[in-house]
Amino acid sequence: MRFLSFPFWVFFLIAVLFYYLPGKKGQWIRLLIVSLLFDLLSCRENIVFLLLASFLVWFSARQIRKNQEKEVRLVRENKGVWEKDERKQFKKSMEKKRKLLLSLTLVLIFGILAFFKYGGSGLLLPLGISFYTFQAAGYLIDVYWEKVTPEENPFRLLLFLSFFPQIIQGPIAFYSDLAGQLYQERSFSGEDFYEGMRRILWGAFKKLVIADRLVKLVTFASGAEERTGSLVVIGVLAYAVQLYTDFSGGIDIAAGIGRIFGIRMAENFRQPYFSRSLAEYWHRWHITLGNWVRTYVFYPLSISSFSLRSGKWLKKKNLVHLSRVLPTGVCSLVTFLIIGIWHGRGSQYLLFGLFNGLVILLSELIAPVREKAAKNLGLLKERKRTVLLSVVFTFLLVAAGYYFDLAKSGTEALQMFVLTCRDFRPGQIFSPDLYLEAGLYAADYAAILVGMAVVFVDSYLKENKKYPLTAFLEKKGSVWKGTFLFVVLLVVLIFGYYGPGMDPAGFVYMQF
Amino acid sequence: MEILADIRPDVDFEMETQLITDGILESFDIVSLVGELEDEFDIKIRPKDLVPENFNSVEQMMEMISRLEEE
């Protein structure tokens, strides 16, 4: 079931009434029923895998906790009886058991994910499996690290993994951020409803007015029979806009839906195209995935004794900068490879990870040289010109990364790079006929450009922490707020792009 | 303090209390910091200790260090 479809809104309306009307008692159970129903309607028998992952992780987490408690108890009981070595030995053996259980469970749930994602059996990917597997793994590791107390009730854990607004395309939540909110009891709030609706409409605007329209241009430019470098560039630029408006728009809709249930989900984007470096971009684009891999892959790898020892070894050789950057950079490269693989099978995704990891490693390596050069050129960090230059440069790097995303194989991505350099025809970029050939009218392009301008102004204001419209509406009160929502709704209805059968294209990120 | 000043000479560590939350210390800084602290105080910092509450200020870092020294 898609968010922007008629059945979904009927479902949503019933779900909201079902959640609030019977009162606060057992609210979380009703939220669970609604979430499971959504999953059942969307992917039928594949719901089994969600249930399986939940149960497995619930069970392991409890066992790990029991083991931790037993360790503490026995150490306390034998205080003064055990020698220091004896105690250490005991602690080590308990830790070993926990680690084994953790590893086994992780292998199992990631095994299921890998089977569906890379098995090539032509099976339909169970809805949201990439997202809930990551959440489940994060939860289990948090329990292992004693960051969170495990959930005793398996159904409560199931709600954390199945919560329906986020199952389609994230955000990937940390247990400590989301779970408490899900079980909380609350009554209907007008403010949450308004904020939620506003967010939903904003997402619908981005997706229906801009993203869904651009699909045709992207497909046309990357599927043309006679491919030129300039066509590739048009395709990549259009894709940059389409992907951002589609993905962030979808997240806006999910966040708005969550908000109407009184739940604030983690933000997934922070004006990513305003980043000044590729590393910063990965802190602002798909933030929840970035946080996940940083917490559970990058940091554990880079503070492992192997990585730290390699750093020390380099330092002894008097390579101070290298000692700081190289081992950590290699760990970040591994992390990016994992992000690449997460996106799909195919060598192009591996190259995508490699590309991002290498650029960041390289930029850290040459940082001293770069800073010196910037100083000599008089490029001060705070200067507007310098900022603009870094933003544009970073966007070009991000766009280069999209070559891998658009290509159907690693080889094709490389061919696209070659084409861009060898057969670039500037005339094509400015040829109106070419754009019309894509199957869109001039009016469509006008809608896209105006839409992009609106998104840009919004992002610029957010970037500078200015919210003039919000402040204005807050001052004017509910009549103005209602009118505002109505106007945005009209704009979306009139200028939204609807394909055949009024079924807006599925969210790009649904396939992951 | 010396360790911190060595890693990031540009930051006033005595004043800052939101080093992680505000993104002043980046991932690469945190990793070098962990390496230096482990050597200096003969402790083992584990992945589970890498939470903002342990690294947001010098005071919090000292607290974490004394806790880890006991273990």
# chains A, B, ... in the order shown; residues from 1 in each chain; ligands from 1
call {"tool": "closest_atom_pairs", "arguments": {"of": "chain A", "to": "chain B", "cutoff": "10 Å", "atoms": "only C-alpha atoms", "output": "Markdown table"}}
result
| residue | atom | partner | partner_atom | distance |
| --- | --- | --- | --- | --- |
| A:Ile141 | CA | B:Lys48 | CA | 9.1 |
| A:Asp142 | CA | B:Lys48 | CA | 7.9 |
| A:Tyr144 | CA | B:Lys48 | CA | 8.9 |
| A:Trp145 | CA | B:Lys48 | CA | 5.3 |
| A:Glu146 | CA | B:Lys48 | CA | 7.7 |
| A:Lys147 | CA | B:Lys48 | CA | 7.2 |
| A:Ala279 | CA | B:Glu26 | CA | 9.7 |
| A:Glu280 | CA | B:Glu26 | CA | 9.7 |
| A:His283 | CA | B:Gly23 | CA | 9.9 |
| A:Arg294 | CA | B:Ser27 | CA | 8.6 |
| A:Thr295 | CA | B:Pro47 | CA | 8.0 |
| A:Tyr296 | CA | B:Pro47 | CA | 8.2 |
| A:Val297 | CA | B:Pro47 | CA | 9.6 |
| A:Phe298 | CA | B:Ser27 | CA | 9.0 |
| A:Tyr299 | CA | B:Pro47 | CA | 6.4 |
| A:Pro300 | CA | B:Pro47 | CA | 5.1 |
| A:Leu301 | CA | B:Pro47 | CA | 8.8 |
| A:Ser302 | CA | B:Val31 | CA | 6.6 |
| A:Ile303 | CA | B:Val31 | CA | 6.3 |
| A:Ser304 | CA | B:Arg46 | CA | 8.2 |
| A:Ser305 | CA | B:Gly35 | CA | 9.1 |
| A:Ser307 | CA | B:Gly35 | CA | 9.4 |
| A:Leu308 | CA | B:Gly35 | CA | 6.0 |
| A:Arg309 | CA | B:Gly35 | CA | 8.7 |
| A:Gly311 | CA | B:Gly35 | CA | 8.4 |
| A:Lys312 | CA | B:Gly35 | CA | 8.4 |
| A:Ser323 | CA | B:Ser32 | CA | 8.9 |
| A:Arg324 | CA | B:Ser32 | CA | 6.1 |
| A:Val325 | CA | B:Phe28 | CA | 7.2 |
| A:Pro327 | CA | B:Val31 | CA | 9.8 |
| A:Thr328 | CA | B:Phe28 | CA | 6.6 |
| A:Gly329 | CA | B:Phe28 | CA | 8.1 |
| A:Ser332 | CA | B:Phe28 | CA | 9.4 |
| A:Glu364 | CA | B:Phe28 | CA | 9.0 |
call {"tool": "select_by_dssp", "arguments": {"residues": "range 122-314 of chain A", "states": "helix (DSSP H, G or I)", "output": "ChimeraX atom specification"}}
result
/A:129-144,154-162,164-167,175-183,190-223,229-260,272-274,278-284,287-302,305-314
call {"tool": "residues_around", "arguments": {"residues": "Val58 in chain B", "least_positions_apart": "6", "cutoff": "12 Å", "atoms": "only C-alpha atoms", "output": "ChimeraX atom specification"}}
result
/B:1-5,11-20,33,52,64-65
call {"tool": "write_last_selection", "arguments": {"atoms": "N, CA and C atoms", "output": "PDB file, in the first residue's frame"}}
result
ATOM      1  N   MET B   1      43.848  17.707  29.055  1.00  0.00           N
ATOM      2  CA  MET B   1      43.724  18.948  28.295  1.00  0.00           C
ATOM      3  C   MET B   1      44.741  19.032  27.160  1.00  0.00           C
ATOM      4  N   GLU B   2      45.962  18.606  27.479  1.00  0.00           N
ATOM      5  CA  GLU B   2      46.998  18.677  26.446  1.00  0.00           C
ATOM      6  C   GLU B   2      46.645  17.816  25.249  1.00  0.00           C
ATOM      7  N   ILE B   3      46.084  16.653  25.575  1.00  0.00           N
ATOM      8  CA  ILE B   3      45.706  15.730  24.506  1.00  0.00           C
ATOM      9  C   ILE B   3      44.705  16.394  23.580  1.00  0.00           C
ATOM     10  N   LEU B   4      43.697  17.024  24.204  1.00  0.00           N
ATOM     11  CA  LEU B   4      42.645  17.663  23.424  1.00  0.00           C
ATOM     12  C   LEU B   4      43.200  18.801  22.580  1.00  0.00           C
ATOM     13  N   ALA B   5      44.045  19.623  23.211  1.00  0.00           N
ATOM     14  CA  ALA B   5      44.600  20.768  22.494  1.00  0.00           C
ATOM     15  C   ALA B   5      45.447  20.303  21.312  1.00  0.00           C
ATOM     16  N   VAL B  11      39.845  24.601  19.255  1.00  0.00           N
ATOM     17  CA  VAL B  11      38.648  24.573  20.091  1.00  0.00           C
ATOM     18  C   VAL B  11      38.991  24.921  21.536  1.00  0.00           C
ATOM     19  N   ASP B  12      38.132  25.735  22.168  1.00  0.00           N
ATOM     20  CA  ASP B  12      38.321  26.078  23.573  1.00  0.00           C
ATOM     21  C   ASP B  12      37.604  25.040  24.439  1.00  0.00           C
ATOM     22  N   PHE B  13      38.371  24.033  24.866  1.00  0.00           N
ATOM     23  CA  PHE B  13      37.739  22.885  25.504  1.00  0.00           C
ATOM     24  C   PHE B  13      37.176  23.189  26.890  1.00  0.00           C
ATOM     25  N   GLU B  14      37.757  24.202  27.556  1.00  0.00           N
ATOM     26  CA  GLU B  14      37.254  24.475  28.900  1.00  0.00           C
ATOM     27  C   GLU B  14      35.843  25.042  28.868  1.00  0.00           C
ATOM     28  N   MET B  15      35.518  25.717  27.797  1.00  0.00           N
ATOM     29  CA  MET B  15      34.222  26.378  27.714  1.00  0.00           C
ATOM     30  C   MET B  15      33.126  25.476  27.144  1.00  0.00           C
ATOM     31  N   GLU B  16      33.504  24.591  26.236  1.00  0.00           N
ATOM     32  CA  GLU B  16      32.479  23.837  25.507  1.00  0.00           C
ATOM     33  C   GLU B  16      31.860  22.731  26.364  1.00  0.00           C
ATOM     34  N   THR B  17      30.540  22.613  26.277  1.00  0.00           N
ATOM     35  CA  THR B  17      29.865  21.521  26.984  1.00  0.00           C
ATOM     36  C   THR B  17      29.014  20.690  26.026  1.00  0.00           C
ATOM     37  N   GLN B  18      29.073  21.016  24.748  1.00  0.00           N
ATOM     38  CA  GLN B  18      28.268  20.288  23.754  1.00  0.00           C
ATOM     39  C   GLN B  18      29.167  19.859  22.596  1.00  0.00           C
ATOM     40  N   LEU B  19      30.331  19.306  22.942  1.00  0.00           N
ATOM     41  CA  LEU B  19      31.325  19.012  21.905  1.00  0.00           C
ATOM     42  C   LEU B  19      30.782  18.072  20.834  1.00  0.00           C
ATOM     43  N   ILE B  20      30.016  17.072  21.265  1.00  0.00           N
ATOM     44  CA  ILE B  20      29.517  16.085  20.312  1.00  0.00           C
ATOM     45  C   ILE B  20      28.192  16.547  19.723  1.00  0.00           C
ATOM     46  N   LEU B  33      41.139  10.790  19.727  1.00  0.00           N
ATOM     47  CA  LEU B  33      41.010  11.052  21.159  1.00  0.00           C
ATOM     48  C   LEU B  33      40.972   9.740  21.954  1.00  0.00           C
ATOM     49  N   PRO B  52      27.403  10.485  23.329  1.00  0.00           N
ATOM     50  CA  PRO B  52      27.640  11.921  23.529  1.00  0.00           C
ATOM     51  C   PRO B  52      27.820  12.269  25.003  1.00  0.00           C
ATOM     52  N   MET B  64      34.179   9.635  32.816  1.00  0.00           N
ATOM     53  CA  MET B  64      34.232   8.336  32.143  1.00  0.00           C
ATOM     54  C   MET B  64      35.568   7.650  32.422  1.00  0.00           C
ATOM     55  N   ILE B  65      36.647   8.437  32.366  1.00  0.00           N
ATOM     56  CA  ILE B  65      37.973   7.851  32.564  1.00  0.00           C
ATOM     57  C   ILE B  65      38.084   7.237  33.960  1.00  0.00           C
TER      58      ILE B  65
END
call {"tool": "closest_residue", "arguments": {"among": "A:Gly401, A:Gly119, A:Gly262, A:Pro154", "to": "Ser60 in chain A", "atoms": "only C-alpha atoms"}}
result
A:Pro154
call {"tool": "atom_distance", "arguments": {"atom1": "CA of Lys481 in chain A", "atom2": "CA of Gly496 in chain A"}}
result
21.5 Å
call {"tool": "atom_distance", "arguments": {"atom1": "CA of Asp192 in chain A", "atom2": "CA of Ile260 in chain A"}}
result
5.5 Å
call {"tool": "residues_around", "arguments": {"residues": "Tyr132 in chain A", "least_positions_apart": "3", "cutoff": "8 Å", "atoms": "only C-alpha atoms", "output": "PDB file with N, CA and C atoms, in the first residue's frame"}}
result
ATOM      1  N   LEU A  50       8.968 -10.466   9.286  1.00  0.00           N
ATOM      2  CA  LEU A  50       8.950  -9.432  10.319  1.00  0.00           C
ATOM      3  C   LEU A  50       8.712 -10.068  11.685  1.00  0.00           C
ATOM      4  N   GLY A 128      10.022  -3.248   3.652  1.00  0.00           N
ATOM      5  CA  GLY A 128      10.723  -2.669   4.792  1.00  0.00           C
ATOM      6  C   GLY A 128      11.762  -3.545   5.434  1.00  0.00           C
ATOM      7  N   ILE A 129      12.110  -4.680   4.816  1.00  0.00           N
ATOM      8  CA  ILE A 129      13.005  -5.616   5.502  1.00  0.00           C
ATOM      9  C   ILE A 129      14.371  -4.997   5.790  1.00  0.00           C
ATOM     10  N   GLN A 135      17.006  -1.886  12.378  1.00  0.00           N
ATOM     11  CA  GLN A 135      16.523  -1.469  13.696  1.00  0.00           C
ATOM     12  C   GLN A 135      16.656  -2.593  14.708  1.00  0.00           C
ATOM     13  N   ALA A 136      16.316  -3.807  14.255  1.00  0.00           N
ATOM     14  CA  ALA A 136      16.381  -4.955  15.148  1.00  0.00           C
ATOM     15  C   ALA A 136      17.820  -5.195  15.584  1.00  0.00           C
ATOM     16  N   LEU A 161       9.423  -2.481  15.744  1.00  0.00           N
ATOM     17  CA  LEU A 161       9.944  -2.876  14.431  1.00  0.00           C
ATOM     18  C   LEU A 161       8.924  -2.693  13.314  1.00  0.00           C
ATOM     19  N   SER A 162       7.627  -2.712  13.651  1.00  0.00           N
ATOM     20  CA  SER A 162       6.636  -2.707  12.578  1.00  0.00           C
ATOM     21  C   SER A 162       5.915  -1.372  12.418  1.00  0.00           C
ATOM     22  N   ILE A 167       7.936   1.966   7.997  1.00  0.00           N
ATOM     23  CA  ILE A 167       8.369   0.674   7.466  1.00  0.00           C
ATOM     24  C   ILE A 167       8.647   0.734   5.964  1.00  0.00           C
ATOM     25  N   ILE A 172      15.379   5.029   9.969  1.00  0.00           N
ATOM     26  CA  ILE A 172      15.807   3.921  10.819  1.00  0.00           C
ATOM     27  C   ILE A 172      15.957   4.456  12.239  1.00  0.00           C
TER      28      ILE A 172
END
call {"tool": "residues_around", "arguments": {"residues": "Val491 in chain A", "least_positions_apart": "2", "cutoff": "12 Å", "atoms": "only C-alpha atoms", "output": "list in words"}}
result
Leu201, Trp202, Ala204, Phe205, Lys206, Leu208, Val209, Ala447, Val450, Gly451, Phe484, Leu485, Phe486, Val487, Val488, Leu489, Leu493, Ile494, Phe495, Gly496 and Tyr497 of chain A
call {"tool": "decode", "arguments": {"residues": "range 11-59 of chain B", "atoms": "C-alpha atoms", "output": "PDB file, in the first residue's frame"}}
result
ATOM      1  CA  VAL B  11      38.648  24.573  20.091  1.00  0.00           C
ATOM      2  CA  ASP B  12      38.321  26.078  23.573  1.00  0.00           C
ATOM      3  CA  PHE B  13      37.739  22.885  25.504  1.00  0.00           C
ATOM      4  CA  GLU B  14      37.254  24.475  28.900  1.00  0.00           C
ATOM      5  CA  MET B  15      34.222  26.378  27.714  1.00  0.00           C
ATOM      6  CA  GLU B  16      32.479  23.837  25.507  1.00  0.00           C
ATOM      7  CA  THR B  17      29.865  21.521  26.984  1.00  0.00           C
ATOM      8  CA  GLN B  18      28.268  20.288  23.754  1.00  0.00           C
ATOM      9  CA  LEU B  19      31.325  19.012  21.905  1.00  0.00           C
ATOM     10  CA  ILE B  20      29.517  16.085  20.312  1.00  0.00           C
ATOM     11  CA  THR B  21      25.931  17.286  20.172  1.00  0.00           C
ATOM     12  CA  ASP B  22      26.991  20.472  18.372  1.00  0.00           C
ATOM     13  CA  GLY B  23      29.258  18.538  16.048  1.00  0.00           C
ATOM     14  CA  ILE B  24      32.420  20.381  17.130  1.00  0.00           C
ATOM     15  CA  LEU B  25      34.374  17.154  17.410  1.00  0.00           C
ATOM     16  CA  GLU B  26      34.168  15.093  14.233  1.00  0.00           C
ATOM     17  CA  SER B  27      34.359  11.316  13.927  1.00  0.00           C
ATOM     18  CA  PHE B  28      38.056  11.389  13.075  1.00  0.00           C
ATOM     19  CA  ASP B  29      38.802  13.570  16.135  1.00  0.00           C
ATOM     20  CA  ILE B  30      36.901  11.235  18.422  1.00  0.00           C
ATOM     21  CA  VAL B  31      38.822   8.215  17.203  1.00  0.00           C
ATOM     22  CA  SER B  32      42.208   9.894  17.774  1.00  0.00           C
ATOM     23  CA  LEU B  33      41.010  11.052  21.159  1.00  0.00           C
ATOM     24  CA  VAL B  34      40.085   7.498  22.133  1.00  0.00           C
ATOM     25  CA  GLY B  35      43.553   6.253  21.131  1.00  0.00           C
ATOM     26  CA  GLU B  36      45.320   8.992  23.127  1.00  0.00           C
ATOM     27  CA  LEU B  37      43.157   8.568  26.226  1.00  0.00           C
ATOM     28  CA  GLU B  38      43.650   4.810  26.239  1.00  0.00           C
ATOM     29  CA  ASP B  39      47.424   5.257  26.172  1.00  0.00           C
ATOM     30  CA  GLU B  40      47.568   8.051  28.709  1.00  0.00           C
ATOM     31  CA  PHE B  41      45.324   6.484  31.344  1.00  0.00           C
ATOM     32  CA  ASP B  42      45.823   2.805  30.558  1.00  0.00           C
ATOM     33  CA  ILE B  43      42.121   2.152  30.047  1.00  0.00           C
ATOM     34  CA  LYS B  44      40.065   0.390  27.389  1.00  0.00           C
ATOM     35  CA  ILE B  45      37.316   2.496  25.834  1.00  0.00           C
ATOM     36  CA  ARG B  46      34.685   0.252  24.269  1.00  0.00           C
ATOM     37  CA  PRO B  47      32.185   1.015  21.517  1.00  0.00           C
ATOM     38  CA  LYS B  48      29.464   1.217  24.141  1.00  0.00           C
ATOM     39  CA  ASP B  49      31.278   4.085  25.852  1.00  0.00           C
ATOM     40  CA  LEU B  50      31.071   6.182  22.704  1.00  0.00           C
ATOM     41  CA  VAL B  51      27.950   8.125  23.576  1.00  0.00           C
ATOM     42  CA  PRO B  52      27.640  11.921  23.529  1.00  0.00           C
ATOM     43  CA  GLU B  53      27.121  11.957  27.313  1.00  0.00           C
ATOM     44  CA  ASN B  54      30.694  10.744  27.780  1.00  0.00           C
ATOM     45  CA  PHE B  55      32.395  13.180  25.416  1.00  0.00           C
ATOM     46  CA  ASN B  56      30.416  16.417  25.422  1.00  0.00           C
ATOM     47  CA  SER B  57      32.724  18.179  27.883  1.00  0.00           C
ATOM     48  CA  VAL B  58      36.108  17.732  29.518  1.00  0.00           C
ATOM     49  CA  GLU B  59      34.371  17.070  32.819  1.00  0.00           C
TER      50      GLU B  59
END
